[in-house]
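Student: Input input-v2.txt, format and content: compact mmCIF, C-alpha atoms and all ligand atoms.
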```txt
# COMPACT_ATOMS: atom_id res chain seq x y z
CA MET A 6 -1.79 16.37 10.90
CA ALA A 7 -1.34 13.10 9.07
CA VAL A 8 0.04 9.77 10.27
CA ALA A 9 1.46 6.98 8.14
CA LEU A 10 1.06 3.24 8.60
CA ILE A 11 3.50 1.03 6.73
CA VAL A 12 2.61 -2.64 6.53
CA ALA A 13 5.75 -4.74 6.51
CA ALA A 14 4.70 -7.90 8.35
CA GLY A 15 4.44 -10.25 5.37
CA ARG A 16 6.71 -13.27 5.05
CA GLY A 17 7.75 -12.63 1.44
CA GLU A 18 7.19 -16.22 0.40
CA ARG A 19 7.06 -15.49 -3.33
CA LEU A 20 10.34 -13.57 -3.13
CA GLY A 21 11.81 -16.61 -1.43
CA SER A 22 14.78 -14.94 0.21
CA GLY A 23 14.26 -16.69 3.54
CA ARG A 24 13.44 -13.50 5.46
CA PRO A 25 10.58 -10.99 5.57
CA LYS A 26 10.45 -9.15 2.24
CA ALA A 27 10.43 -5.69 3.83
CA LEU A 28 13.87 -6.38 5.33
CA VAL A 29 15.52 -7.68 2.17
CA PRO A 30 18.30 -5.31 1.03
CA LEU A 31 17.49 -3.08 -1.94
CA CYS A 32 20.27 -0.82 -3.24
CA GLY A 33 22.09 -1.09 0.08
CA ARG A 34 19.29 -0.60 2.61
CA PRO A 35 16.36 -2.71 3.80
CA MET A 36 13.40 -2.33 1.43
CA LEU A 37 11.25 -0.85 4.22
CA GLU A 38 13.64 2.06 4.71
CA TRP A 39 13.00 3.53 1.26
CA SER A 40 9.35 4.15 2.16
CA VAL A 41 10.31 5.50 5.58
CA ALA A 42 12.79 7.92 3.97
CA ALA A 43 10.14 9.17 1.51
CA LEU A 44 7.58 9.68 4.30
CA ARG A 45 10.01 11.44 6.65
CA VAL A 46 10.25 14.43 4.31
CA VAL A 47 6.48 14.87 3.94
CA PRO A 48 5.83 17.86 6.25
CA ALA A 49 2.26 16.82 7.16
CA VAL A 50 3.33 13.40 8.50
CA THR A 51 3.85 13.50 12.28
CA GLN A 52 4.15 9.79 13.07
CA ILE A 53 5.14 6.63 11.19
CA VAL A 54 3.87 3.30 12.55
CA ILE A 55 5.25 0.08 11.06
CA ALA A 56 3.63 -3.35 11.30
CA LEU A 57 6.40 -5.96 11.38
CA PRO A 58 6.64 -9.70 12.06
CA ALA A 59 6.49 -10.20 15.86
CA ASP A 60 10.11 -11.41 15.96
CA GLU A 61 11.42 -8.44 13.93
CA LEU A 62 10.12 -5.44 15.86
CA GLY A 63 13.70 -4.23 16.31
CA ALA A 64 13.90 -3.60 12.56
CA ALA A 65 11.80 -0.42 12.82
CA PRO A 66 14.04 2.58 12.03
CA GLU A 67 14.69 5.10 14.80
CA GLY A 68 11.85 7.56 15.35
CA THR A 69 9.18 5.16 14.08
CA VAL A 70 6.78 3.02 16.14
CA ALA A 71 6.77 -0.77 15.70
CA VAL A 72 3.77 -3.05 16.15
CA SER A 73 3.27 -6.76 15.48
CA GLY A 74 1.45 -7.49 12.26
CA GLY A 75 -1.54 -9.82 11.89
CA VAL A 76 -2.33 -12.97 9.95
CA GLN A 77 -3.32 -11.14 6.76
CA ARG A 78 -2.39 -7.70 5.44
CA SER A 79 -5.56 -5.92 6.65
CA HIS A 80 -5.07 -7.32 10.15
CA SER A 81 -1.65 -5.67 10.10
CA VAL A 82 -3.25 -2.36 9.06
CA ARG A 83 -5.74 -2.68 11.92
CA ASN A 84 -2.98 -3.39 14.46
CA ALA A 85 -0.99 -0.38 13.25
CA LEU A 86 -4.01 1.94 13.40
CA THR A 87 -4.75 0.78 16.96
CA VAL A 88 -1.36 1.92 18.32
CA CYS A 89 -1.42 5.22 16.50
CA ALA A 90 -3.00 7.60 19.00
CA GLY A 91 -4.05 10.56 16.87
CA GLY A 92 -3.62 11.90 13.38
CA ASP A 93 -6.01 12.43 10.52
CA PRO A 94 -5.82 11.61 7.62
CA VAL A 95 -4.15 8.20 7.74
CA ILE A 96 -1.76 7.12 4.99
CA VAL A 97 -1.56 3.35 4.46
CA HIS A 98 1.41 2.10 2.49
CA ASP A 99 2.97 -1.28 1.63
CA ALA A 100 6.66 -1.70 2.39
CA ALA A 101 6.60 -3.82 -0.78
CA ARG A 102 6.35 -0.54 -2.81
CA PRO A 103 9.70 1.06 -2.02
CA LEU A 104 9.65 3.35 -5.06
CA ALA A 105 6.74 5.51 -3.83
CA THR A 106 7.97 9.11 -3.80
CA SER A 107 7.44 11.89 -1.26
CA ARG A 108 5.64 13.73 -4.03
CA LEU A 109 3.14 10.89 -4.47
CA PHE A 110 2.37 10.87 -0.72
CA GLU A 111 1.90 14.66 -0.82
CA GLN A 112 -0.30 14.53 -3.91
CA ALA A 113 -2.55 11.92 -2.27
CA LEU A 114 -2.93 14.07 0.87
CA ASP A 115 -3.63 17.18 -1.23
CA GLU A 116 -6.23 15.36 -3.32
CA LEU A 117 -8.11 14.24 -0.21
CA GLY A 118 -7.96 17.83 1.07
CA ARG A 119 -9.49 19.08 -2.18
CA HIS A 120 -12.38 16.57 -2.06
CA PRO A 121 -14.41 16.89 1.14
CA GLU A 122 -16.88 14.29 -0.16
CA ALA A 123 -14.21 11.61 -0.42
CA ALA A 124 -13.41 9.13 2.35
CA ALA A 125 -10.23 7.98 0.64
CA VAL A 126 -7.81 8.73 -2.18
CA ILE A 127 -5.88 5.81 -3.65
CA ALA A 128 -2.91 5.76 -6.01
CA ALA A 129 -3.55 3.71 -9.15
CA ALA A 130 -2.07 3.35 -12.61
CA PRO A 131 -4.11 3.14 -15.81
CA VAL A 132 -4.29 -0.48 -17.05
CA ALA A 133 -2.08 -0.93 -20.11
CA ASP A 134 -3.18 -4.44 -21.12
CA THR A 135 -6.55 -5.34 -22.59
CA ILE A 136 -8.47 -7.26 -19.92
CA LYS A 137 -10.89 -10.04 -20.80
CA GLU A 138 -13.26 -11.94 -18.57
CA THR A 139 -13.84 -15.70 -18.90
CA GLY A 140 -16.94 -17.75 -18.18
CA ASP A 141 -17.43 -20.73 -15.89
CA ASP A 142 -14.87 -22.92 -17.66
CA GLY A 143 -12.14 -20.38 -16.91
CA ALA A 144 -11.02 -20.38 -20.55
CA THR A 145 -13.81 -19.16 -22.85
CA VAL A 146 -13.95 -15.36 -23.11
CA SER A 147 -17.29 -13.95 -22.02
CA ARG A 148 -16.46 -10.27 -22.49
CA THR A 149 -13.77 -7.66 -22.99
CA LEU A 150 -13.70 -4.90 -20.41
CA ASP A 151 -13.38 -1.22 -21.30
CA ARG A 152 -9.77 -0.44 -20.45
CA ALA A 153 -10.49 3.28 -20.17
CA SER A 154 -12.26 2.72 -16.87
CA LEU A 155 -9.85 0.18 -15.35
CA TRP A 156 -7.11 0.97 -12.85
CA ALA A 157 -4.33 -1.10 -11.29
CA VAL A 158 -4.51 -0.15 -7.64
CA GLN A 159 -1.40 0.65 -5.61
CA THR A 160 -0.51 2.18 -2.30
CA PRO A 161 -0.35 4.82 -0.85
CA GLN A 162 -4.02 4.92 0.07
CA VAL A 163 -5.02 7.91 2.19
CA PHE A 164 -8.10 7.77 4.43
CA ARG A 165 -10.12 10.00 6.68
CA ARG A 166 -9.43 8.39 10.01
CA ALA A 167 -13.07 7.85 10.96
CA ALA A 168 -13.76 6.08 7.66
CA LEU A 169 -10.78 3.74 8.01
CA GLU A 170 -11.55 3.01 11.67
CA HIS A 171 -15.15 2.22 10.85
CA ALA A 172 -14.19 0.03 7.88
CA LEU A 173 -11.64 -1.96 9.89
CA THR A 174 -13.70 -2.40 13.04
CA SER A 175 -17.00 -3.25 11.32
CA ALA A 176 -15.43 -6.02 9.17
CA SER A 177 -15.11 -9.56 10.53
CA ASP A 178 -11.69 -11.23 10.71
CA GLU A 179 -12.73 -13.33 7.72
CA GLU A 180 -13.69 -10.23 5.67
CA LEU A 181 -10.42 -8.56 6.58
CA GLY A 182 -8.65 -11.69 5.35
CA ARG A 183 -10.36 -11.37 1.96
CA ALA A 184 -9.61 -7.66 1.54
CA THR A 185 -6.78 -7.18 -0.96
CA ASP A 186 -6.84 -3.45 -0.29
CA ASP A 187 -8.25 -1.28 2.46
CA ALA A 188 -10.20 0.96 0.13
CA TRP A 189 -12.50 -1.98 -0.67
CA LEU A 190 -13.51 -2.07 2.99
CA VAL A 191 -14.41 1.62 2.80
CA GLU A 192 -16.28 1.19 -0.51
CA ARG A 193 -18.29 -1.60 1.09
CA SER A 194 -19.49 0.71 3.82
CA GLY A 195 -20.57 3.31 1.25
CA GLY A 196 -17.55 5.62 1.40
CA VAL A 197 -16.47 7.59 -1.67
CA VAL A 198 -13.05 6.45 -2.90
CA ARG A 199 -11.17 8.58 -5.45
CA ILE A 200 -8.37 7.50 -7.76
CA LEU A 201 -5.14 9.48 -7.97
CA GLY A 202 -3.46 8.68 -11.29
CA SER A 203 -0.01 7.34 -10.52
CA ASP A 204 2.98 5.94 -12.34
CA PRO A 205 3.47 2.21 -13.02
CA GLY A 206 7.01 2.86 -11.72
CA ASN A 207 5.51 2.72 -8.22
CA MET A 208 5.85 -1.03 -8.58
CA LYS A 209 5.11 -3.76 -6.07
CA ILE A 210 7.91 -6.16 -5.36
CA THR A 211 6.66 -9.71 -5.33
CA THR A 212 9.21 -11.90 -7.14
CA PRO A 213 13.02 -11.95 -7.51
CA GLU A 214 12.54 -10.43 -11.00
CA ASP A 215 10.67 -7.47 -9.48
CA LEU A 216 13.56 -6.94 -7.06
CA ARG A 217 16.04 -6.74 -9.93
CA VAL A 218 13.86 -4.23 -11.82
CA ALA A 219 13.48 -2.10 -8.67
CA GLU A 220 17.28 -2.12 -8.17
CA LEU A 221 17.72 -0.76 -11.70
CA LEU A 222 15.02 1.89 -11.34
CA LEU A 223 16.32 3.09 -7.97
CA ALA A 224 19.90 3.26 -9.23
CA GLU A 225 18.67 5.36 -12.16
CA LEU A 226 16.62 7.69 -9.93
CA ARG A 227 19.64 8.35 -7.75
CA THR A 228 21.99 9.33 -10.60
N1 LIG B 1 1.74 -7.62 4.88
C1 LIG B 1 1.58 -7.42 6.25
N2 LIG B 1 1.00 -8.39 7.02
C2 LIG B 1 0.61 -9.55 6.47
C3 LIG B 1 0.77 -9.78 5.08
C4 LIG B 1 1.33 -8.77 4.30
O1 LIG B 1 1.96 -6.37 6.76
N3 LIG B 1 0.09 -10.49 7.26
C5 LIG B 1 2.35 -6.56 4.06
C6 LIG B 1 3.65 -7.01 3.37
O2 LIG B 1 4.75 -6.88 4.27
C7 LIG B 1 3.71 -6.09 2.18
C8 LIG B 1 2.24 -5.78 1.88
O3 LIG B 1 1.50 -6.20 3.02
O4 LIG B 1 4.40 -4.88 2.44
C9 LIG B 1 1.76 -6.48 0.61
O5 LIG B 1 1.80 -7.90 0.79
P1 LIG B 1 2.59 -8.91 -0.13
O6 LIG B 1 3.18 -8.20 -1.29
O7 LIG B 1 1.71 -10.09 -0.35
O8 LIG B 1 3.86 -9.29 0.79
P2 LIG B 1 4.16 -10.66 1.53
O9 LIG B 1 2.92 -11.18 2.17
O10 LIG B 1 5.36 -10.41 2.39
O11 LIG B 1 4.60 -11.61 0.32
P3 LIG B 1 4.08 -13.09 0.01
O12 LIG B 1 2.58 -12.97 -0.19
O13 LIG B 1 4.83 -13.48 -1.23
O14 LIG B 1 4.44 -13.95 1.20
MG MG B 2 1.20 -11.74 0.91
```
Do you think you could lay out the structure here as structure tokens?
Tutor:
Amino acid sequence: MAVALIVAAGRGERLGSGRPKALVPLCGRPMLEWSVAALRVVPAVTQIVIALPADELGAAPEGTVAVSGGVQRSHSVRNALTVCAGGDPVIVHDAARPLATSRLFEQALDELGRHPEAAAVIAAAPVADTIKETGDDGATVSRTLDRASLWAVQTPQVFRRAALEHALTSASDEELGRATDDAWLVERSGGVVRILGSDPGNMKITTPEDLRVAELLLAELRT
């Protein structure tokens, strides 16, 4: 059976609301609780572990397990995995993506089940913008990338437990600090990572503008 780790220990500095982002209200409930609600109705998920700021452990909803987060996001993932006794595969999800649906979590689990060769399945949206690369001066274009093969990576990311454990324990603290997603740590150790095409609506909330857009989308989804 699967377990889910939600990372919610960030400070939300870019949102600037003076409290951890995961606890900022969104359509009447703390942002974190939208992801918890979506995961609770996924039948395969037997445990939800939430990494929170050390002084906010009481914010974990009933029936979930709280753990203190680390300095950077991947340290929080590692702390959460450590307290989660069993369960395979492991879903990793950012509290900052409150619009992830139960269906998306289920699709990611199913996709991993269908691909025995894969160590991980990650949600990602096709890139809509044309992406160019610049040279050393940071301004002159050196090439234009082929958009057809580019993906904007999201969470959930679903891992075979052994692959995630190996990736997190074999990386140094400094490498964990540089990891912007956990799949990169698995790729580095040679694991096969598959993309699950997802919707850009599974947005990440970073700024006050993002919060307003998410409020509108959630209100629409609920009507
Ligand atoms: N996160 C975490 N532990 C950290 C840093 C981040 O659990 N040490 C979590 C955040 O709570 C969030 C996700 O990782 O759910 C993505 O991080 P980000 O969007 O950068 O959130 P914050 O770090 O809270 O925001 P900011 O960078 O603006 O401070
Ligand atoms: Mg951050």
Student: Which of these residues is nearest to ligand LIG 1 (chain B), using all atoms listed in the file: A:Ala100, A:Ala123, A:Val29, A:Leu86?
Tutor: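 Nearest to ligand LIG 1 (chain B): A:Ala100.
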Student: Within 8 Å of ligand MG 2 (chain B), which residues of chain A come that close, and what is the closest atom pair and distance in Å for each? Count only C-alpha atoms and all ligand atoms and give it as a tab-separated table.
Tutor:
```
residue	atom	partner	partner_atom	distance
A:Gly15	CA	B:MG2	MG	5.7
A:Arg16	CA	B:MG2	MG	7.1
A:Gly17	CA	B:MG2	MG	6.6
A:Glu18	CA	B:MG2	MG	7.5
A:Gln77	CA	B:MG2	MG	7.4
A:Arg78	CA	B:MG2	MG	7.1
```
Student: Which residues are near ligand LIG 1 (chain B) in this structure, taking near to mean any atom at most 9 Å from a ligand atom and counting all atoms listed in the file? Format them as a PyMOL selection string.
Tutor: chain A and resi 11-21+25-27+37+55-58+73-82+98-102+185+209-212
Student: Just give me the gap between CA of Trp39 (chain A) and CA of Ala90 (chain A) in Å, one decimal is fine.
Tutor: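 Between these atoms lies a distance of 24.2 Å.
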Student: Could you tell me which of A:Leu201, A:Ala188, A:Ala113, A:Ala65 comes closest to Ala130 (chain A) if we count only C-alpha atoms?
Tutor: A:Leu201
Student: So which residues touch Val8 (chain A) within 10 Å, counting only C-alpha atoms, skipping near sequence neighbours fewer than 5 positions away, as number ranges by chain?
Tutor: A: 44, 49-54, 86, 89-97, 163, 166
Student: Show me the residues close to (-7.9, 0.4, 1.0) - anything with an atom within 8 Å, counting all atoms listed in the file - and format the list as JSON, numbers by chain.
Tutor: {"A": [97, 125, 127, 162, 185, 186, 187, 188, 189, 190, 191]}
Student: For Leu223 (chain A), work out the shell of residues within 9 Å, counting all atoms listed in the file and skipping chain neighbours fewer than 6 positions away, then give it as a list in words.
Tutor: Leu31, Cys32 and Leu104 of chain A
Student: Quick one: distance from CA of Thr135 (chain A) to CA of Leu150 (chain A) in Å, one decimal?
Tutor: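 Distance reported for this atom pair: 7.5 Å.
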Student: Between A:Ser194, A:Thr87, A:Ser203, A:Ser147, which is the closest to Gln159 (chain A) once you count all atoms listed in the file?
Tutor: A:Ser203
Student: I'd like to know which of A:Ala9, A:Leu216, A:Val46, A:Ala168 is closest to Val88 (chain A), using only C-alpha atoms.
Tutor: A:Ala9
Student: Got a sec: who's within 8 Å of Glu38 (chain A), counting only C-alpha atoms, leaving out chain neighbours fewer than 3 positions off, as a ChimeraX atom specification?
Tutor: /A:34-35,41-42,66,103
Student: Report, in Å with one decimal, the straight-line distance from CA of Asp215 (chain A) to CA of Leu28 (chain A).
Tutor: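 That distance, rounded to one decimal, is 15.2 Å.
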Student: Considering only C-alpha atoms, state which residue in the set A:Ala153, A:Ala43, A:Met36, A:Val158 is at the smallest distance from Ala64 (chain A).
Tutor: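 Counting only C-alpha atoms, the residue closest to Ala64 (chain A) is A:Met36.
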Student: When you look at Leu173 (chain A) with a cut-off of 8 Å (counting all atoms listed in the file), what residues show up, excluding the ones that are within fewer than 2 positions of it in the same chain? I need them as a list in words.
Tutor: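 So the residues in contact are Ser79, Arg83, Leu169, Glu170, His171, Ser175, Ala176, Leu181 and Leu190 of chain A.
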Student: Please determine, counting only C-alpha atoms, which residue among A:Pro213, A:Pro48, A:Leu109, A:Ala59 has the shortest atom-to-atom distance to Ala71 (chain A).
Tutor: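 Under the stated criterion, the closest residue is A:Ala59.
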